[in-house]
$ cat query00.txt   # compact mmCIF, C-alpha atoms
# COMPACT_ATOMS: atom_id res chain seq x y z
CA MET A 1 39.86 11.12 -40.22
CA THR A 2 38.04 14.19 -38.98
CA VAL A 3 35.18 14.65 -36.55
CA ASP A 4 32.99 17.64 -35.86
CA ILE A 5 33.05 18.33 -32.15
CA GLU A 6 29.47 18.42 -30.88
CA PHE A 7 29.10 21.59 -28.86
CA GLY A 8 25.98 21.86 -26.71
CA ASP A 9 23.18 24.37 -26.93
CA ASP A 10 25.40 26.75 -24.96
CA GLY A 11 28.20 26.34 -27.52
CA LEU A 12 30.41 24.42 -25.09
CA VAL A 13 31.66 20.89 -24.45
CA PRO A 14 32.75 19.51 -21.08
CA ALA A 15 36.52 19.02 -20.87
CA VAL A 16 38.03 16.75 -18.23
CA ALA A 17 41.63 17.46 -17.21
CA GLN A 18 43.72 14.50 -16.06
CA ASP A 19 47.28 14.61 -14.76
CA ALA A 20 49.20 12.66 -17.38
CA ASP A 21 51.70 11.28 -14.87
CA SER A 22 49.67 10.54 -11.75
CA GLY A 23 46.44 9.74 -13.58
CA GLU A 24 44.52 11.94 -11.15
CA VAL A 25 41.45 13.63 -12.60
CA VAL A 26 42.05 17.21 -11.52
CA MET A 27 39.08 19.19 -12.85
CA LEU A 28 36.13 19.43 -15.20
CA ALA A 29 35.44 22.65 -17.07
CA TYR A 30 33.95 23.69 -20.41
CA ALA A 31 35.53 24.50 -23.75
CA SER A 32 34.35 26.68 -26.62
CA PRO A 33 35.58 26.18 -30.21
CA GLU A 34 38.12 28.95 -29.61
CA ALA A 35 39.28 27.32 -26.36
CA VAL A 36 39.89 24.01 -28.15
CA GLU A 37 41.83 25.78 -30.89
CA ARG A 38 43.92 27.86 -28.47
CA THR A 39 44.69 24.76 -26.42
CA HIS A 40 45.94 22.97 -29.52
CA GLU A 41 47.94 25.95 -30.77
CA THR A 42 49.60 26.93 -27.50
CA GLY A 43 49.90 23.61 -25.68
CA LEU A 44 48.34 25.29 -22.64
CA ALA A 45 44.88 24.31 -21.45
CA HIS A 46 42.19 26.85 -22.31
CA TYR A 47 38.56 26.74 -21.28
CA TYR A 48 35.52 28.98 -21.46
CA SER A 49 34.39 30.41 -18.14
CA ARG A 50 30.61 30.17 -17.91
CA SER A 51 30.52 32.57 -14.95
CA ARG A 52 32.85 35.19 -16.43
CA GLU A 53 31.64 34.48 -19.97
CA GLU A 54 35.11 34.61 -21.47
CA LEU A 55 37.94 32.52 -22.83
CA TRP A 56 40.16 31.46 -19.96
CA GLN A 57 43.70 30.12 -19.90
CA LYS A 58 43.98 27.89 -16.85
CA GLY A 59 46.63 29.29 -14.52
CA ALA A 60 46.82 32.73 -16.17
CA THR A 61 46.27 34.30 -12.73
CA SER A 62 47.61 31.65 -10.36
CA GLY A 63 50.52 30.39 -12.42
CA ASN A 64 49.12 26.88 -12.05
CA VAL A 65 49.05 26.26 -15.78
CA GLN A 66 48.30 22.96 -17.47
CA ARG A 67 50.74 21.92 -20.19
CA VAL A 68 48.74 19.74 -22.52
CA ARG A 69 50.35 16.58 -23.83
CA GLU A 70 47.33 15.30 -25.68
CA VAL A 71 43.64 16.02 -26.18
CA ARG A 72 41.20 13.18 -26.71
CA VAL A 73 37.61 13.26 -27.90
CA ASP A 74 35.00 10.70 -26.92
CA CYS A 75 32.94 8.40 -29.13
CA ASP A 76 30.03 10.85 -29.39
CA ALA A 77 32.43 13.78 -29.92
CA ASP A 78 30.65 15.69 -27.16
CA ALA A 79 33.31 15.53 -24.43
CA LEU A 80 37.05 16.16 -24.33
CA LEU A 81 39.87 14.80 -22.19
CA TYR A 82 42.96 16.96 -21.66
CA LEU A 83 46.02 14.97 -20.59
CA VAL A 84 48.15 17.54 -18.79
CA ASP A 85 51.21 18.31 -16.75
CA GLN A 86 49.65 20.27 -13.91
CA GLU A 87 51.76 23.06 -12.43
CA GLY A 88 51.03 23.41 -8.68
CA GLY A 89 47.45 22.33 -7.94
CA ALA A 90 44.42 22.59 -10.16
CA CYS A 91 41.93 23.66 -7.51
CA HIS A 92 41.42 27.20 -6.27
CA THR A 93 41.14 25.72 -2.75
CA GLY A 94 44.80 24.68 -2.88
CA HIS A 95 44.17 21.02 -3.58
CA GLU A 96 45.81 19.18 -6.44
CA SER A 97 42.37 18.11 -7.68
CA CYS A 98 38.99 19.82 -7.61
CA PHE A 99 37.61 16.33 -6.86
CA HIS A 100 38.93 16.25 -3.29
CA ARG A 101 35.65 15.41 -1.51
CA SER A 102 34.33 11.88 -1.24
CA ILE A 103 30.58 11.33 -1.01
CA GLU A 104 29.56 9.18 1.96
CA SER A 105 25.78 9.60 1.88
CA VAL A 106 23.15 10.82 -0.56
CA ASP A 107 19.73 12.24 0.18
CA ALA A 108 17.84 12.89 -3.05
CA ASP A 109 14.42 14.22 -3.82
CA GLY A 110 12.96 14.80 -7.26
CA ALA A 111 14.73 18.08 -7.89
CA GLY A 112 18.02 17.82 -6.07
CA ALA A 113 20.40 15.87 -3.89
CA THR A 114 22.36 16.60 -0.75
CA ALA A 115 25.57 14.67 -0.19
CA GLY A 116 27.45 13.97 3.01
CA VAL A 117 31.11 14.46 2.13
CA ARG A 118 34.56 13.92 3.57
CA THR A 119 37.64 15.74 2.33
CA VAL A 120 40.32 13.46 0.89
CA GLY A 121 43.78 14.48 -0.26
CA GLU A 122 46.00 17.25 1.00
CA ARG A 123 46.45 20.81 -0.02
CA VAL A 124 49.47 21.33 -2.23
CA PHE A 125 49.53 25.14 -2.09
CA ASP A 126 48.12 27.98 -0.01
CA PRO A 127 45.47 29.76 -2.07
CA ASP A 128 45.98 32.98 -0.09
CA GLU A 129 49.50 33.17 -1.46
CA VAL A 130 48.48 32.48 -5.05
CA TYR A 131 45.25 34.38 -5.58
CA GLU A 132 45.07 38.04 -4.64
CA MET B 1 29.68 18.13 6.26
CA THR B 2 27.01 18.18 3.58
CA VAL B 3 26.88 19.83 0.18
CA ASP B 4 23.99 20.40 -2.18
CA ILE B 5 24.91 19.03 -5.56
CA GLU B 6 24.44 21.76 -8.15
CA PHE B 7 22.37 20.29 -10.96
CA GLY B 8 22.22 22.33 -14.16
CA ASP B 9 19.22 23.87 -15.83
CA ASP B 10 18.49 20.46 -17.32
CA GLY B 11 18.53 18.87 -13.84
CA LEU B 12 21.77 16.98 -14.50
CA VAL B 13 25.45 17.06 -13.54
CA PRO B 14 28.29 15.67 -15.63
CA ALA B 15 29.77 12.50 -14.14
CA VAL B 16 33.23 11.30 -15.16
CA ALA B 17 33.93 7.58 -14.78
CA GLN B 18 37.52 6.57 -14.09
CA ASP B 19 38.84 3.01 -13.81
CA ALA B 20 39.99 2.83 -10.20
CA ASP B 21 42.86 0.45 -10.98
CA SER B 22 44.26 1.62 -14.31
CA GLY B 23 43.40 5.29 -13.81
CA GLU B 24 41.97 5.43 -17.30
CA VAL B 25 39.11 7.90 -17.79
CA VAL B 26 36.56 5.68 -19.50
CA MET B 27 33.53 7.90 -20.11
CA LEU B 28 31.61 11.06 -19.34
CA ALA B 29 27.86 10.96 -18.91
CA TYR B 30 25.20 12.82 -16.92
CA ALA B 31 23.52 12.08 -13.61
CA SER B 32 20.14 13.09 -12.21
CA PRO B 33 19.43 13.22 -8.46
CA GLU B 34 17.90 9.75 -8.74
CA ALA B 35 20.95 8.44 -10.62
CA VAL B 36 23.27 9.70 -7.87
CA GLU B 37 21.11 8.09 -5.21
CA ARG B 38 20.80 4.77 -7.06
CA THR B 39 24.55 4.70 -7.64
CA HIS B 40 25.17 5.19 -3.93
CA GLU B 41 22.57 2.64 -2.87
CA THR B 42 23.45 -0.13 -5.31
CA GLY B 43 27.19 0.35 -5.83
CA LEU B 44 26.55 0.21 -9.59
CA ALA B 45 27.00 3.29 -11.74
CA HIS B 46 23.75 4.91 -12.82
CA TYR B 47 23.34 7.85 -15.16
CA TYR B 48 20.53 9.70 -16.88
CA SER B 49 20.34 9.19 -20.62
CA ARG B 50 19.70 12.55 -22.28
CA SER B 51 18.77 10.87 -25.59
CA ARG B 52 16.46 8.23 -24.11
CA GLU B 53 15.33 10.57 -21.31
CA GLU B 54 15.49 7.91 -18.64
CA LEU B 55 17.49 6.60 -15.71
CA TRP B 56 20.16 4.26 -16.98
CA GLN B 57 22.26 1.65 -15.24
CA LYS B 58 25.53 1.38 -17.13
CA GLY B 59 25.90 -2.13 -18.47
CA ALA B 60 22.27 -3.15 -17.94
CA THR B 61 22.15 -4.25 -21.59
CA SER B 62 25.76 -5.09 -22.36
CA GLY B 63 26.77 -6.57 -19.02
CA ASN B 64 29.65 -4.10 -18.91
CA VAL B 65 28.67 -2.73 -15.52
CA GLN B 66 30.68 -0.32 -13.42
CA ARG B 67 31.11 -1.29 -9.77
CA VAL B 68 31.57 1.97 -7.94
CA ARG B 69 34.23 2.15 -5.26
CA GLU B 70 33.81 5.82 -4.52
CA VAL B 71 32.05 8.92 -5.79
CA ARG B 72 33.70 12.31 -5.52
CA VAL B 73 32.24 15.76 -5.96
CA ASP B 74 34.21 18.76 -7.14
CA CYS B 75 34.82 22.08 -5.41
CA ASP B 76 31.83 23.76 -7.05
CA ALA B 77 29.65 20.68 -6.45
CA ASP B 78 28.65 20.72 -10.12
CA ALA B 79 30.57 17.68 -11.36
CA LEU B 80 31.01 14.12 -10.10
CA LEU B 81 33.79 11.56 -10.42
CA TYR B 82 32.89 7.87 -10.25
CA LEU B 83 35.85 5.64 -9.37
CA VAL B 84 34.87 2.27 -10.80
CA ASP B 85 35.80 -1.29 -11.54
CA GLN B 86 34.83 -1.50 -15.19
CA GLU B 87 33.54 -4.84 -16.41
CA GLY B 88 34.58 -5.40 -20.05
CA GLY B 89 34.92 -2.07 -21.85
CA ALA B 90 33.01 1.14 -21.23
CA CYS B 91 32.50 2.16 -24.85
CA HIS B 92 29.78 0.87 -27.15
CA THR B 93 32.43 0.69 -29.89
CA GLY B 94 34.23 -2.07 -27.99
CA HIS B 95 37.01 0.10 -26.61
CA GLU B 96 37.87 0.18 -22.93
CA SER B 97 37.43 3.96 -22.94
CA CYS B 98 35.10 6.24 -24.88
CA PHE B 99 38.11 8.58 -25.10
CA HIS B 100 39.98 6.45 -27.65
CA ARG B 101 40.59 9.14 -30.27
CA SER B 102 43.48 11.58 -30.02
CA ILE B 103 43.11 15.01 -31.60
CA GLU B 104 45.94 15.89 -33.99
CA SER B 105 44.58 19.06 -35.57
CA VAL B 106 41.85 21.60 -34.86
CA ASP B 107 40.04 23.85 -37.32
CA ALA B 108 37.67 26.18 -35.46
CA ASP B 109 35.32 28.90 -36.56
CA GLY B 110 33.04 30.94 -34.36
CA ALA B 111 30.36 28.30 -34.01
CA GLY B 112 32.17 24.99 -34.18
CA ALA B 113 35.37 23.03 -34.53
CA THR B 114 36.50 20.12 -36.67
CA ALA B 115 39.24 17.89 -35.31
CA GLY B 116 41.61 15.60 -37.12
CA VAL B 117 41.77 12.46 -35.01
CA ARG B 118 43.71 9.23 -34.69
CA THR B 119 42.40 6.16 -32.88
CA VAL B 120 44.49 5.11 -29.90
CA GLY B 121 43.97 2.03 -27.77
CA GLU B 122 42.63 -1.36 -28.78
CA ARG B 123 39.20 -2.85 -28.71
CA VAL B 124 38.62 -5.07 -25.70
CA PHE B 125 35.35 -6.62 -26.89
CA ASP B 126 33.34 -7.08 -30.07
CA PRO B 127 30.25 -4.85 -29.87
CA ASP B 128 28.37 -7.10 -32.30
CA GLU B 129 28.53 -9.87 -29.72
CA VAL B 130 27.44 -7.67 -26.82
CA TYR B 131 24.73 -5.42 -28.20
CA GLU B 132 21.84 -6.93 -30.11
$ encode --input "query00.txt" --output "structure tokens"
Amino acid sequence: MTVDIEFGDDGLVPAVAQDADSGEVVMLAYASPEAVERTHETGLAHYYSRSREELWQKGATSGNVQRVREVRVDCDADALLYLVDQEGGACHTGHESCFHRSIESVDADGAGATAGVRTVGERVFDPDEVYE
Amino acid sequence: MTVDIEFGDDGLVPAVAQDADSGEVVMLAYASPEAVERTHETGLAHYYSRSREELWQKGATSGNVQRVREVRVDCDADALLYLVDQEGGACHTGHESCFHRSIESVDADGAGATAGVRTVGERVFDPDEVYE
């Protein structure tokens, strides 16, 4: 069976990366058609950087690569799940997961929301030693 | 410490729902400021439906609600993680997770990608009995 992946108006789909062993959700980024193909071909997680506007192999700079065991697609084919072995930590702050802040309060108005947060989880590497 | 959640041009952020016990990533949807606030206030996962263009409490129709233990925000404050107790299954197809298809091949061109997929995981409910 085949499915056409539904890329958004920007040509991208959100891709969630989950540590295949610990189950921790480590990051959410975006994938282009080329990123999905390169991920499948190389077994290393690729994304598309919206800020740098380029294909991006996770860990190419830091060494904190994601070896992809499996990629799943959701029922609407508009989101991906990468099941990965995460080298080092996923987050540029040195944490294993980019989701290392817990929301304790929410103050929303029509256009936005401010959250009171508390950091959870420890750093697993020193970003000053990894990123130049 | 407070952070301003970074909603996109469409006023939404992606929100990943993960079963807090099993660790399974069950769905990805989008949240508006109001959805984030309602989730925090009620302890039940709320999203914003892009197709119906309205605030949406997960499970309001099906009964398959998500009781939210914790909400996390990522390092860029542009994605959320809902840690939930999932009643029934998350997916309208009857599966526990919307991510129940594994990608086995990828054929990409510049604008899109077609994936060969295989269904993984069992149905946990019969959608014909839940959705009218």
$ atom_distance --input "query00.txt" --atom1 "atom CA of B:Ser49" --atom2 "atom CA of B:Val16"
14.2 Å
$ calpha_fit_and_write --input "query00.txt" --fixed "chain A" --moving "chain B" --output "tab-separated table (two decimals) with C-alpha atoms, in the frame of the given file"
chain	number	residue	atom	x	y	z
B	1	MET	CA	39.86	11.12	-40.22
B	2	THR	CA	38.05	14.20	-38.99
B	3	VAL	CA	35.18	14.65	-36.56
B	4	ASP	CA	32.99	17.64	-35.85
B	5	ILE	CA	33.05	18.32	-32.16
B	6	GLU	CA	29.48	18.42	-30.88
B	7	PHE	CA	29.10	21.61	-28.86
B	8	GLY	CA	25.97	21.86	-26.73
B	9	ASP	CA	23.18	24.38	-26.94
B	10	ASP	CA	25.38	26.76	-24.97
B	11	GLY	CA	28.20	26.34	-27.52
B	12	LEU	CA	30.42	24.42	-25.09
B	13	VAL	CA	31.67	20.88	-24.45
B	14	PRO	CA	32.76	19.52	-21.08
B	15	ALA	CA	36.52	19.02	-20.87
B	16	VAL	CA	38.04	16.74	-18.24
B	17	ALA	CA	41.63	17.45	-17.22
B	18	GLN	CA	43.71	14.49	-16.07
B	19	ASP	CA	47.28	14.63	-14.76
B	20	ALA	CA	49.20	12.66	-17.38
B	21	ASP	CA	51.70	11.28	-14.85
B	22	SER	CA	49.67	10.55	-11.73
B	23	GLY	CA	46.44	9.75	-13.56
B	24	GLU	CA	44.53	11.94	-11.15
B	25	VAL	CA	41.44	13.64	-12.59
B	26	VAL	CA	42.05	17.22	-11.51
B	27	MET	CA	39.08	19.20	-12.85
B	28	LEU	CA	36.13	19.44	-15.20
B	29	ALA	CA	35.45	22.65	-17.07
B	30	TYR	CA	33.95	23.70	-20.41
B	31	ALA	CA	35.52	24.52	-23.76
B	32	SER	CA	34.35	26.70	-26.63
B	33	PRO	CA	35.58	26.20	-30.21
B	34	GLU	CA	38.12	28.96	-29.61
B	35	ALA	CA	39.28	27.32	-26.36
B	36	VAL	CA	39.88	24.02	-28.16
B	37	GLU	CA	41.83	25.78	-30.89
B	38	ARG	CA	43.91	27.86	-28.46
B	39	THR	CA	44.69	24.76	-26.41
B	40	HIS	CA	45.92	22.97	-29.52
B	41	GLU	CA	47.94	25.93	-30.77
B	42	THR	CA	49.60	26.92	-27.51
B	43	GLY	CA	49.91	23.60	-25.67
B	44	LEU	CA	48.34	25.29	-22.63
B	45	ALA	CA	44.88	24.32	-21.46
B	46	HIS	CA	42.19	26.86	-22.30
B	47	TYR	CA	38.56	26.75	-21.28
B	48	TYR	CA	35.52	28.99	-21.46
B	49	SER	CA	34.40	30.42	-18.14
B	50	ARG	CA	30.61	30.16	-17.92
B	51	SER	CA	30.50	32.57	-14.95
B	52	ARG	CA	32.84	35.19	-16.42
B	53	GLU	CA	31.64	34.48	-19.98
B	54	GLU	CA	35.10	34.61	-21.47
B	55	LEU	CA	37.95	32.52	-22.83
B	56	TRP	CA	40.16	31.44	-19.97
B	57	GLN	CA	43.69	30.11	-19.88
B	58	LYS	CA	43.99	27.88	-16.83
B	59	GLY	CA	46.62	29.29	-14.52
B	60	ALA	CA	46.81	32.72	-16.17
B	61	THR	CA	46.26	34.29	-12.73
B	62	SER	CA	47.60	31.67	-10.36
B	63	GLY	CA	50.51	30.40	-12.42
B	64	ASN	CA	49.12	26.89	-12.05
B	65	VAL	CA	49.05	26.25	-15.78
B	66	GLN	CA	48.29	22.96	-17.47
B	67	ARG	CA	50.74	21.92	-20.19
B	68	VAL	CA	48.74	19.74	-22.52
B	69	ARG	CA	50.35	16.57	-23.81
B	70	GLU	CA	47.32	15.31	-25.67
B	71	VAL	CA	43.64	16.02	-26.17
B	72	ARG	CA	41.19	13.19	-26.70
B	73	VAL	CA	37.61	13.27	-27.89
B	74	ASP	CA	35.00	10.72	-26.92
B	75	CYS	CA	32.95	8.41	-29.12
B	76	ASP	CA	30.05	10.85	-29.39
B	77	ALA	CA	32.44	13.78	-29.92
B	78	ASP	CA	30.66	15.69	-27.16
B	79	ALA	CA	33.31	15.53	-24.43
B	80	LEU	CA	37.06	16.16	-24.33
B	81	LEU	CA	39.88	14.80	-22.20
B	82	TYR	CA	42.96	16.96	-21.66
B	83	LEU	CA	46.02	14.97	-20.58
B	84	VAL	CA	48.15	17.54	-18.78
B	85	ASP	CA	51.21	18.31	-16.74
B	86	GLN	CA	49.66	20.28	-13.91
B	87	GLU	CA	51.77	23.05	-12.43
B	88	GLY	CA	51.04	23.39	-8.68
B	89	GLY	CA	47.47	22.32	-7.93
B	90	ALA	CA	44.43	22.58	-10.16
B	91	CYS	CA	41.93	23.66	-7.52
B	92	HIS	CA	41.44	27.20	-6.26
B	93	THR	CA	41.15	25.73	-2.76
B	94	GLY	CA	44.80	24.67	-2.89
B	95	HIS	CA	44.16	21.00	-3.57
B	96	GLU	CA	45.81	19.17	-6.44
B	97	SER	CA	42.38	18.10	-7.68
B	98	CYS	CA	38.99	19.82	-7.60
B	99	PHE	CA	37.61	16.34	-6.85
B	100	HIS	CA	38.92	16.24	-3.27
B	101	ARG	CA	35.65	15.42	-1.51
B	102	SER	CA	34.34	11.87	-1.25
B	103	ILE	CA	30.59	11.32	-1.00
B	104	GLU	CA	29.57	9.18	1.97
B	105	SER	CA	25.80	9.60	1.89
B	106	VAL	CA	23.16	10.82	-0.57
B	107	ASP	CA	19.73	12.24	0.19
B	108	ALA	CA	17.84	12.89	-3.05
B	109	ASP	CA	14.41	14.22	-3.83
B	110	GLY	CA	12.94	14.81	-7.25
B	111	ALA	CA	14.72	18.08	-7.89
B	112	GLY	CA	18.01	17.81	-6.06
B	113	ALA	CA	20.40	15.86	-3.90
B	114	THR	CA	22.37	16.60	-0.75
B	115	ALA	CA	25.58	14.67	-0.18
B	116	GLY	CA	27.45	13.99	3.01
B	117	VAL	CA	31.10	14.45	2.14
B	118	ARG	CA	34.56	13.91	3.57
B	119	THR	CA	37.66	15.72	2.34
B	120	VAL	CA	40.32	13.44	0.90
B	121	GLY	CA	43.76	14.48	-0.28
B	122	GLU	CA	45.99	17.25	1.02
B	123	ARG	CA	46.45	20.82	-0.02
B	124	VAL	CA	49.48	21.32	-2.23
B	125	PHE	CA	49.53	25.13	-2.09
B	126	ASP	CA	48.13	27.98	-0.01
B	127	PRO	CA	45.47	29.77	-2.08
B	128	ASP	CA	45.98	32.98	-0.10
B	129	GLU	CA	49.50	33.17	-1.48
B	130	VAL	CA	48.47	32.46	-5.07
B	131	TYR	CA	45.25	34.36	-5.61
B	132	GLU	CA	45.06	38.02	-4.70
$ interface_residues --input "query00.txt" --of "chain A" --to "chain B" --cutoff "8 Å" --atoms "only C-alpha atoms" --output "number ranges by chain"
A: 1-7, 11, 16, 23-24, 27-28, 33-34, 36-37, 40, 70-75, 79-81, 91, 93, 98-103, 105-118
$ closest_residue --input "query00.txt" --among "A:Glu129, A:Val124, A:Gln86, A:Asp10" --to "A:Tyr30" --atoms "only C-alpha atoms"
A:Asp10
$ atom_distance --input "query00.txt" --atom1 "atom CA of B:Arg50" --atom2 "atom CA of B:Gly88"
23.4 Å
$ residues_near_point --input "query00.txt" --point "(27.0, -0.4, -24.1)" --cutoff "9 Å" --atoms "only C-alpha atoms" --output "VMD selection string"
chain B and resid 58 to 64 89 to 94 127 130 to 131
$ atom_distance --input "query00.txt" --atom1 "atom CA of A:Asp9" --atom2 "atom CA of A:Tyr47"
16.6 Å
